[in-house]
2 protein chains.
Amino acid sequence: MEKFEITILGCGAALPTPHHFCSSQVVNIREKLFMIDCAEGVQTQLRRSRLHFNRINNIFISHLHGDHCLGLIGLISTFALLGRTATLDIWGPAPLIDVFQPQISFFCNNLTYKVNLHEIDTKSREVIYEDRTVTVETIPLKHRMPCCGFLFREKKLMRHIRRDVINAYNIPTCYINNIKAGMDYTLPDGEVIPNESMTTPADPVRSYAYCSDTMFKPSNAEQLTDVTLLYHESTFMEKDKVLSKKTYHSTTVEAAEMAKLANAGQLMIGHFSARYEDENLLLEECRHVFPDTILANENLKISI
Amino acid sequence: MEKFEITILGCGAALPTPHHFCSSQVVNIREKLFMIDCAEGVQTQLRRSRLHFNRINNIFISHLHGDHCLGLIGLISTFALLGRTATLDIWGPAPLIDVFQPQISFFCNNLTYKVNLHEIDTKSREVIYEDRTVTVETIPLKHRMPCCGFLFREKKLMRHIRRDVINAYNIPTCYINNIKAGMDYTLPDGEVIPNESMTTPADPVRSYAYCSDTMFKPSNAEQLTDVTLLYHESTFMEKDKVLSKKTYHSTTVEAAEMAKLANAGQLMIGHFSARYEDENLLLEECRHVFPDTILANENLKISI
């Protein structure tokens with residue numbers, strides 16, 4: 001299977017602690033790196049991860065709370081010091097441009113590459129990025145300020161060629177892509193070789209959803225249906241539900257409910273409040289509702 | 001001796017690396033904490049240092065390059081999350097206010113305490129802070145943008161009381177402070193007890209100078225005369241002098257020359273370029289000129 005790997009650079013809420021950096025992740029899809037959120041300390045964490053800085057061409061910012069974006073200016077500046085030439089696209093809710101363009105102009109005034117800031121609508125589902133293999137959709141979230149998640153979805157994959165059959169019928173190379181796409185092949189004598197005998201099924205399409213920060217928003221389940229891995233914030237335990245509501249965050253059980261409603265393959269919880277010493281208690285609460293749950297943690301890499 | 005301790009939180013140049021954070025230090029003078037520069041990652045380093053965040057009431061920013069101030073907004077925000085109520089004074093060259101006030105307004109909009117931004121003149125020597133025990137003076141530096149260092153100088157200390165003599169003459173407590181300050185004491189019978197017999201000399205006045213970032217600026221030697229500890233940037237080795245001049249930095253030998261000219265007690269070098277794998281080579285170059293030189297390093301605490 002082609003690479004589809006998530007690296008957690010930080011998964012703590014609000015402020016860096018001895019246990020957690022603030023929110024940042026990298027999604028590696030076939031060696032293209034997509035960053036989600038960009039908290040302070042992200043450069044240190046990127047180095048630890050051994051990911052290649054320069055393969056990050058797109059950064060998706062969920063919202064403009066400091067614990068999700070204060071690493072941005074340092075990273076942009078470091079890219080320049082490392083001689084970057086490729087354009088960097090940064091996506092986030094308004095006022096992304098008003099907040100960051102003046103800082104880029106001031107702190108990164110000798111950039112060796114172009115930075116494009118794109119403001120996104122956090123109220124609607126929209127494909128904001130697309131290439132040959134993946135789309136990135138916004139997921140409308142509900143937080144104290146405009147905020148959205150991101151859904152990375154592989155495009156429909158090609159069927160696998162059965163080389164033995166292709167060779168047996170002596171089918172010319174120029175037909176291979178059409179056959180991978182599902183077409184039958186007609187031999188010079190008129191005999192039709194059905195696609196199923198020349199190919200095996202494509203790998204299942206995989207997807208990854210990042211939902212942080214947000215209150216429980218069950219109406220998102222439809223968009224997230226059958227997502228392979230759901231990262232959902234779980235800032236609080238169930239006993240702190242009142243505080244959770246007040247601060248527009250989710251509890252363990254709500255994150256797990258969301259995974260259940262969406263029929264997710266797996267749930268990863270994160271954005272942990274610093275008040276909990278033992279995060280296994282959060283994990284247990286989730287697993288009662290949605291057994292296949294794991295805890296995010298710094299430097300965790302997970303392939304889907 | 002009362003506490004006068006410097007903690008290095010970061011001493012690398014330009015960008016964080018696996019070896020160094022960028023520039024930040026804390027000067028602890030009798031449990032009052034003064035921060036100098038405030039780079040990204042400063043919170044993580046503060047926690048490692050076990051210094052009390054909340055005792056920092058003054059932050060001195062040398063200049064507005066990102067590697068000296070990009071940790072500021074995160075720190076201000078974290079102070080609020082930790083329930084700070086004490087006013088925080090931040091000092092730095094213009095356009096400190098234009099650059100940081102909008103960020104404070106946006107990212108730290110629910111502050112539980114007051115932040116005062118003070119713009120300082122980097123061209124002149126000026127006492128910008130003073131309390132009962134210490135003054136902080138600006139040191140005009142020469143860099144690619146307005147930049148100044150900071151000279152922390154203990155005020156003249158009091159002489160130490162000889163308790164045995166005070167008791168022998170039965171001198172009332174209300175005279176003690178005057179005697180510490182140097183006054184003689186006249187007994188009821190008219191006999192004068194000279195101050196020297198009631199006291200021992202005050203501890204020598206100590207001072208700490210932070211000079212980063214800067215080209216070699218020998219004219220600063222007079223201001224720095226007899227400084228107890230001089231922190232001087234030494235971004236480059238002598239072989240990279242051309243690059244050093246071009247980027248308005250100092251070499252090892254220049255830092256050491258500065259210590260020699262100022263008759264410093266000790267030299268600590270820092271702001272190391274990431275290009276050098278073995279910083280002991282920088283240390284050796286300095287020691288040829290000024291033997292009592294040490295390397296800054298993360299988490300180093302040095303008492304003077």
# chains A, B, ... in the order shown; residues from 1 in each chain; ligands from 1
>>> interface_residues(of="chain A", to="chain B", cutoff="8 Å", atoms="only C-alpha atoms", output="PyMOL selection string")
chain A and resi 14-18+40-41+43-44+47-48+64-67+70-71+73-74+77-78+99+103+106-107
>>> calpha_fit_and_write(fixed="chain A", moving="chain B", output="tab-separated table (two decimals) with C-alpha atoms, in the first residue's frame")
chain	number	residue	atom	x	y	z
B	1	MET	CA	-0.21	0.05	-0.14
B	2	GLU	CA	0.94	3.56	-0.84
B	3	LYS	CA	1.99	5.60	2.17
B	4	PHE	CA	-0.72	7.33	4.21
B	5	GLU	CA	0.83	8.10	7.56
B	6	ILE	CA	0.03	10.56	10.31
B	7	THR	CA	2.79	11.85	12.61
B	8	ILE	CA	1.77	13.56	15.83
B	9	LEU	CA	4.12	16.43	16.63
B	10	GLY	CA	2.07	17.75	19.54
B	11	CYS	CA	-1.28	16.94	21.14
B	12	GLY	CA	-1.60	19.02	24.30
B	13	ALA	CA	-4.14	21.76	24.88
B	14	ALA	CA	-3.56	25.44	25.55
B	15	LEU	CA	0.10	25.51	26.59
B	16	PRO	CA	3.24	23.40	26.23
B	17	THR	CA	3.93	21.19	29.26
B	18	PRO	CA	6.64	18.70	30.14
B	19	HIS	CA	4.37	16.02	28.62
B	20	HIS	CA	2.98	17.61	25.51
B	21	PHE	CA	3.67	20.14	22.82
B	22	CYS	CA	0.66	21.98	21.47
B	23	SER	CA	-1.25	20.88	18.38
B	24	SER	CA	0.67	20.00	15.22
B	25	GLN	CA	0.58	16.98	12.94
B	26	VAL	CA	1.92	15.95	9.59
B	27	VAL	CA	-0.01	13.81	7.13
B	28	ASN	CA	2.27	11.99	4.70
B	29	ILE	CA	0.45	10.84	1.59
B	30	ARG	CA	2.86	9.21	-0.84
B	31	GLU	CA	5.71	11.40	0.43
B	32	LYS	CA	3.76	14.63	0.02
B	33	LEU	CA	3.62	16.17	3.48
B	34	PHE	CA	0.62	18.15	4.71
B	35	MET	CA	0.89	19.93	8.04
B	36	ILE	CA	-2.14	20.43	10.25
B	37	ASP	CA	-1.80	23.21	12.82
B	38	CYS	CA	1.56	24.63	13.66
B	39	ALA	CA	2.18	25.27	17.34
B	40	GLU	CA	5.24	26.67	19.06
B	41	GLY	CA	8.02	24.07	19.15
B	42	VAL	CA	6.96	22.54	15.84
B	43	GLN	CA	10.48	22.80	14.39
B	44	THR	CA	12.03	20.84	17.22
B	45	GLN	CA	9.37	18.19	16.82
B	46	LEU	CA	9.76	18.07	13.04
B	47	ARG	CA	13.45	17.36	13.47
B	48	ARG	CA	12.70	14.59	15.94
B	49	SER	CA	10.21	13.08	13.50
B	50	ARG	CA	12.87	12.90	10.77
B	51	LEU	CA	10.30	14.14	8.27
B	52	HIS	CA	11.70	16.26	5.47
B	53	PHE	CA	10.82	19.90	6.20
B	54	ASN	CA	10.97	20.76	2.56
B	55	ARG	CA	8.28	18.33	1.49
B	56	ILE	CA	5.69	20.38	3.37
B	57	ASN	CA	3.93	22.50	0.77
B	58	ASN	CA	0.59	23.00	2.48
B	59	ILE	CA	-0.22	23.94	6.06
B	60	PHE	CA	-3.81	23.78	7.28
B	61	ILE	CA	-4.59	25.85	10.36
B	62	SER	CA	-7.80	24.87	12.16
B	63	HIS	CA	-8.20	28.15	14.02
B	64	LEU	CA	-6.25	31.09	15.28
B	65	HIS	CA	-5.79	30.24	18.93
B	66	GLY	CA	-2.11	30.54	19.77
B	67	ASP	CA	-1.73	26.89	20.70
B	68	HIS	CA	-2.51	25.98	17.09
B	69	CYS	CA	-0.50	28.51	15.11
B	70	LEU	CA	2.28	30.26	17.05
B	71	GLY	CA	4.96	28.13	15.39
B	72	LEU	CA	4.10	29.42	11.94
B	73	ILE	CA	6.37	32.45	11.70
B	74	GLY	CA	9.40	30.57	13.01
B	75	LEU	CA	8.80	27.76	10.54
B	76	ILE	CA	8.36	30.12	7.58
B	77	SER	CA	11.59	31.84	8.57
B	78	THR	CA	13.47	28.56	8.95
B	79	PHE	CA	12.28	27.33	5.56
B	80	ALA	CA	13.99	30.38	4.06
B	81	LEU	CA	17.19	29.76	6.02
B	82	LEU	CA	17.20	26.21	4.65
B	83	GLY	CA	17.04	27.63	1.12
B	84	ARG	CA	13.48	26.68	0.25
B	85	THR	CA	12.27	27.72	-3.20
B	86	ALA	CA	8.90	25.95	-3.46
B	87	THR	CA	5.75	27.96	-2.82
B	88	LEU	CA	4.13	27.37	0.57
B	89	ASP	CA	0.34	27.49	0.83
B	90	ILE	CA	-1.18	28.18	4.21
B	91	TRP	CA	-4.89	27.76	4.83
B	92	GLY	CA	-6.86	29.00	7.80
B	93	PRO	CA	-9.90	30.95	8.92
B	94	ALA	CA	-10.00	34.73	8.73
B	95	PRO	CA	-8.35	36.90	9.93
B	96	LEU	CA	-5.41	34.68	8.91
B	97	ILE	CA	-4.11	37.32	6.53
B	98	ASP	CA	-4.49	40.30	8.86
B	99	VAL	CA	-2.77	38.43	11.66
B	100	PHE	CA	0.06	36.76	9.77
B	101	GLN	CA	0.84	38.90	6.73
B	102	PRO	CA	2.31	41.74	8.84
B	103	GLN	CA	4.43	39.23	10.78
B	104	ILE	CA	5.66	37.57	7.61
B	105	SER	CA	6.53	40.97	6.19
B	106	PHE	CA	8.41	41.93	9.33
B	107	PHE	CA	10.12	38.72	10.45
B	108	CYS	CA	10.59	37.00	7.09
B	109	ASN	CA	11.47	39.88	4.85
B	110	ASN	CA	14.03	38.07	2.75
B	111	LEU	CA	12.05	35.01	1.77
B	112	THR	CA	13.53	32.82	-0.91
B	113	TYR	CA	10.08	31.47	-1.79
B	114	LYS	CA	6.47	32.53	-2.01
B	115	VAL	CA	3.95	32.19	0.82
B	116	ASN	CA	0.26	32.22	-0.09
B	117	LEU	CA	-2.21	32.76	2.72
B	118	HIS	CA	-5.70	31.43	1.95
B	119	GLU	CA	-8.65	32.28	4.16
B	120	ILE	CA	-11.22	29.51	4.36
B	121	ASP	CA	-14.90	29.49	5.18
B	122	THR	CA	-15.37	27.48	8.37
B	123	LYS	CA	-19.14	27.24	8.02
B	124	SER	CA	-19.30	25.02	4.95
B	125	ARG	CA	-17.84	21.76	3.65
B	126	GLU	CA	-15.53	22.65	0.86
B	127	VAL	CA	-12.71	20.97	-1.03
B	128	ILE	CA	-9.85	23.41	-0.49
B	129	TYR	CA	-7.05	21.27	-1.89
B	130	GLU	CA	-6.93	18.65	-4.60
B	131	ASP	CA	-4.20	16.84	-6.45
B	132	ARG	CA	-3.94	13.61	-8.43
B	133	THR	CA	-4.33	11.41	-5.35
B	134	VAL	CA	-6.04	13.28	-2.55
B	135	THR	CA	-8.64	15.88	-1.67
B	136	VAL	CA	-8.75	17.96	1.48
B	137	GLU	CA	-12.17	19.11	2.66
B	138	THR	CA	-13.00	21.49	5.47
B	139	ILE	CA	-15.12	20.14	8.31
B	140	PRO	CA	-17.20	22.86	10.01
B	141	LEU	CA	-16.51	22.76	13.76
B	142	LYS	CA	-18.00	24.62	16.70
B	143	HIS	CA	-15.52	26.46	18.89
B	144	ARG	CA	-15.13	29.83	20.59
B	145	MET	CA	-13.81	31.29	17.34
B	146	PRO	CA	-14.17	30.29	13.69
B	147	CYS	CA	-12.68	26.83	13.42
B	148	CYS	CA	-12.70	23.92	11.02
B	149	GLY	CA	-11.32	20.43	10.76
B	150	PHE	CA	-9.80	18.81	7.70
B	151	LEU	CA	-10.76	15.61	5.93
B	152	PHE	CA	-8.05	13.99	3.82
B	153	ARG	CA	-9.56	11.57	1.36
B	154	GLU	CA	-7.69	9.44	-1.15
B	155	LYS	CA	-9.16	9.55	-4.61
B	156	LYS	CA	-10.60	6.35	-6.02
B	157	LEU	CA	-7.58	4.14	-6.59
B	158	MET	CA	-6.74	2.15	-9.70
B	159	ARG	CA	-7.21	-1.63	-9.89
B	160	HIS	CA	-4.04	-3.73	-9.71
B	161	ILE	CA	-2.78	-5.27	-12.96
B	162	ARG	CA	-2.27	-9.06	-13.08
B	163	ARG	CA	1.04	-9.11	-14.86
B	164	ASP	CA	0.73	-12.84	-15.67
B	165	VAL	CA	-2.52	-12.35	-17.61
B	166	ILE	CA	-1.25	-9.25	-19.44
B	167	ASN	CA	1.81	-11.20	-20.57
B	168	ALA	CA	-0.16	-14.28	-21.54
B	169	TYR	CA	-2.35	-12.22	-23.92
B	170	ASN	CA	0.59	-10.05	-24.98
B	171	ILE	CA	-1.38	-6.87	-24.29
B	172	PRO	CA	0.53	-3.69	-25.33
B	173	THR	CA	1.71	-1.37	-22.53
B	174	CYS	CA	-0.28	1.57	-23.89
B	175	TYR	CA	-3.53	-0.11	-22.73
B	176	ILE	CA	-2.40	-0.67	-19.15
B	177	ASN	CA	-3.70	2.57	-17.66
B	178	ASN	CA	-7.12	2.06	-19.22
B	179	ILE	CA	-7.22	-1.49	-17.88
B	180	LYS	CA	-6.21	-0.27	-14.41
B	181	ALA	CA	-9.11	2.17	-14.68
B	182	GLY	CA	-11.51	-0.73	-15.33
B	183	MET	CA	-11.73	-1.22	-19.08
B	184	ASP	CA	-11.95	-4.59	-20.80
B	185	TYR	CA	-9.54	-5.49	-23.62
B	186	THR	CA	-10.45	-6.82	-27.06
B	187	LEU	CA	-7.95	-9.16	-28.70
B	188	PRO	CA	-7.23	-8.84	-32.47
B	189	ASP	CA	-9.50	-11.89	-33.07
B	190	GLY	CA	-12.43	-10.10	-31.41
B	191	GLU	CA	-12.32	-12.01	-28.11
B	192	VAL	CA	-13.07	-9.72	-25.15
B	193	ILE	CA	-10.97	-10.20	-22.01
B	194	PRO	CA	-13.07	-8.97	-19.08
B	195	ASN	CA	-11.35	-6.52	-16.77
B	196	GLU	CA	-11.85	-8.77	-13.72
B	197	SER	CA	-9.59	-11.41	-15.19
B	198	MET	CA	-6.77	-8.94	-15.89
B	199	THR	CA	-6.90	-7.08	-12.57
B	200	THR	CA	-7.42	-7.47	-8.87
B	201	PRO	CA	-9.49	-4.94	-6.91
B	202	ALA	CA	-8.06	-1.56	-6.03
B	203	ASP	CA	-6.98	-0.96	-2.46
B	204	PRO	CA	-9.80	0.51	-0.41
B	205	VAL	CA	-9.84	4.30	-0.36
B	206	ARG	CA	-8.53	5.65	2.92
B	207	SER	CA	-9.35	8.84	4.76
B	208	TYR	CA	-8.22	10.82	7.78
B	209	ALA	CA	-10.24	13.43	9.63
B	210	TYR	CA	-8.83	16.00	12.05
B	211	CYS	CA	-11.45	17.53	14.36
B	212	SER	CA	-9.95	19.98	16.83
B	213	ASP	CA	-10.99	22.20	18.57
B	214	THR	CA	-14.71	21.60	18.80
B	215	MET	CA	-17.74	20.89	20.89
B	216	PHE	CA	-19.59	17.67	20.17
B	217	LYS	CA	-21.19	18.22	16.78
B	218	PRO	CA	-23.14	15.10	15.78
B	219	SER	CA	-24.28	16.70	12.53
B	220	ASN	CA	-20.73	16.17	11.25
B	221	ALA	CA	-21.20	12.40	11.31
B	222	GLU	CA	-22.54	12.29	7.78
B	223	GLN	CA	-19.47	13.98	6.31
B	224	LEU	CA	-17.23	11.68	8.32
B	225	THR	CA	-19.03	8.46	7.41
B	226	ASP	CA	-16.66	5.47	7.30
B	227	VAL	CA	-13.56	7.61	7.85
B	228	THR	CA	-10.56	5.30	8.27
B	229	LEU	CA	-9.08	7.22	11.17
B	230	LEU	CA	-10.76	10.00	13.11
B	231	TYR	CA	-8.62	12.32	15.24
B	232	HIS	CA	-11.04	14.01	17.61
B	233	GLU	CA	-10.17	16.35	20.40
B	234	SER	CA	-10.98	15.09	23.86
B	235	THR	CA	-9.79	17.92	26.01
B	236	PHE	CA	-11.77	16.81	29.06
B	237	MET	CA	-12.95	13.76	30.94
B	238	GLU	CA	-16.64	13.17	31.35
B	239	LYS	CA	-16.61	14.50	34.93
B	240	ASP	CA	-15.53	17.90	33.60
B	241	LYS	CA	-18.36	18.16	31.10
B	242	VAL	CA	-19.55	21.52	32.41
B	243	LEU	CA	-16.14	23.05	31.87
B	244	SER	CA	-15.95	21.36	28.50
B	245	LYS	CA	-19.19	22.98	27.34
B	246	LYS	CA	-18.17	26.34	28.73
B	247	THR	CA	-14.89	26.30	26.76
B	248	TYR	CA	-16.42	24.80	23.59
B	249	HIS	CA	-14.46	21.56	23.84
B	250	SER	CA	-15.37	17.87	23.81
B	251	THR	CA	-15.21	15.16	26.43
B	252	THR	CA	-13.93	11.61	25.98
B	253	VAL	CA	-17.41	10.18	25.62
B	254	GLU	CA	-18.38	12.80	23.08
B	255	ALA	CA	-15.30	12.05	20.96
B	256	ALA	CA	-16.14	8.35	21.13
B	257	GLU	CA	-19.80	9.02	20.27
B	258	MET	CA	-18.62	10.93	17.23
B	259	ALA	CA	-16.51	7.99	16.09
B	260	LYS	CA	-19.47	5.67	16.59
B	261	LEU	CA	-21.91	7.91	14.74
B	262	ALA	CA	-19.46	8.22	11.83
B	263	ASN	CA	-18.70	4.50	11.82
B	264	ALA	CA	-15.01	5.38	11.94
B	265	GLY	CA	-12.43	2.64	11.54
B	266	GLN	CA	-10.43	3.92	14.47
B	267	LEU	CA	-10.47	6.88	16.85
B	268	MET	CA	-7.41	8.76	18.05
B	269	ILE	CA	-8.01	11.28	20.84
B	270	GLY	CA	-5.85	14.28	21.60
B	271	HIS	CA	-5.72	17.93	22.68
B	272	PHE	CA	-5.44	16.81	26.27
B	273	SER	CA	-5.94	19.26	29.08
B	274	ALA	CA	-2.85	19.50	31.27
B	275	ARG	CA	-4.97	18.74	34.35
B	276	TYR	CA	-4.95	14.96	33.82
B	277	GLU	CA	-1.93	13.07	35.04
B	278	ASP	CA	-3.03	9.71	33.70
B	279	GLU	CA	-4.40	9.89	30.17
B	280	ASN	CA	-5.21	6.19	30.26
B	281	LEU	CA	-8.28	7.22	32.23
B	282	LEU	CA	-9.41	9.23	29.20
B	283	LEU	CA	-8.72	6.27	26.96
B	284	GLU	CA	-10.81	3.96	29.13
B	285	GLU	CA	-13.78	6.31	29.04
B	286	CYS	CA	-13.63	6.37	25.25
B	287	ARG	CA	-13.25	2.63	24.91
B	288	HIS	CA	-16.47	2.01	26.79
B	289	VAL	CA	-18.24	3.72	23.92
B	290	PHE	CA	-15.88	3.06	21.01
B	291	PRO	CA	-13.43	0.21	21.64
B	292	ASP	CA	-10.94	0.91	18.88
B	293	THR	CA	-9.59	4.12	20.38
B	294	ILE	CA	-5.97	5.12	20.85
B	295	LEU	CA	-4.25	8.05	22.57
B	296	ALA	CA	-2.33	10.55	20.49
B	297	ASN	CA	1.19	11.11	21.72
B	298	GLU	CA	4.22	13.08	20.61
B	299	ASN	CA	6.22	11.30	17.92
B	300	LEU	CA	3.51	8.68	17.35
B	301	LYS	CA	3.38	7.62	13.69
B	302	ILE	CA	0.32	5.77	12.53
B	303	SER	CA	-0.15	4.28	9.08
B	304	ILE	CA	-3.62	3.76	7.76
>>> select_by_dssp(residues="stretch 27-246 of chain A", states="strand (DSSP E or B)", output="NGL selection string")
:A and (27-29 or 32-38 or 56-60 or 88-93 or 115-120 or 127-130 or 134-140 or 148-154 or 160-161 or 185-186 or 192-193 or 199-200 or 207-211 or 229-233 or 236)
>>> select_by_dssp(residues="stretch 135-209 of chain A", states="alpha helix (DSSP H)", output="list in words")
Arg163, Asp164, Val165, Ile166, Asn167, Ala168, Tyr169, Ile176, Asn177, Asn178, Ile179, Lys180, Asn195, Glu196, Ser197 and Met198 of chain A
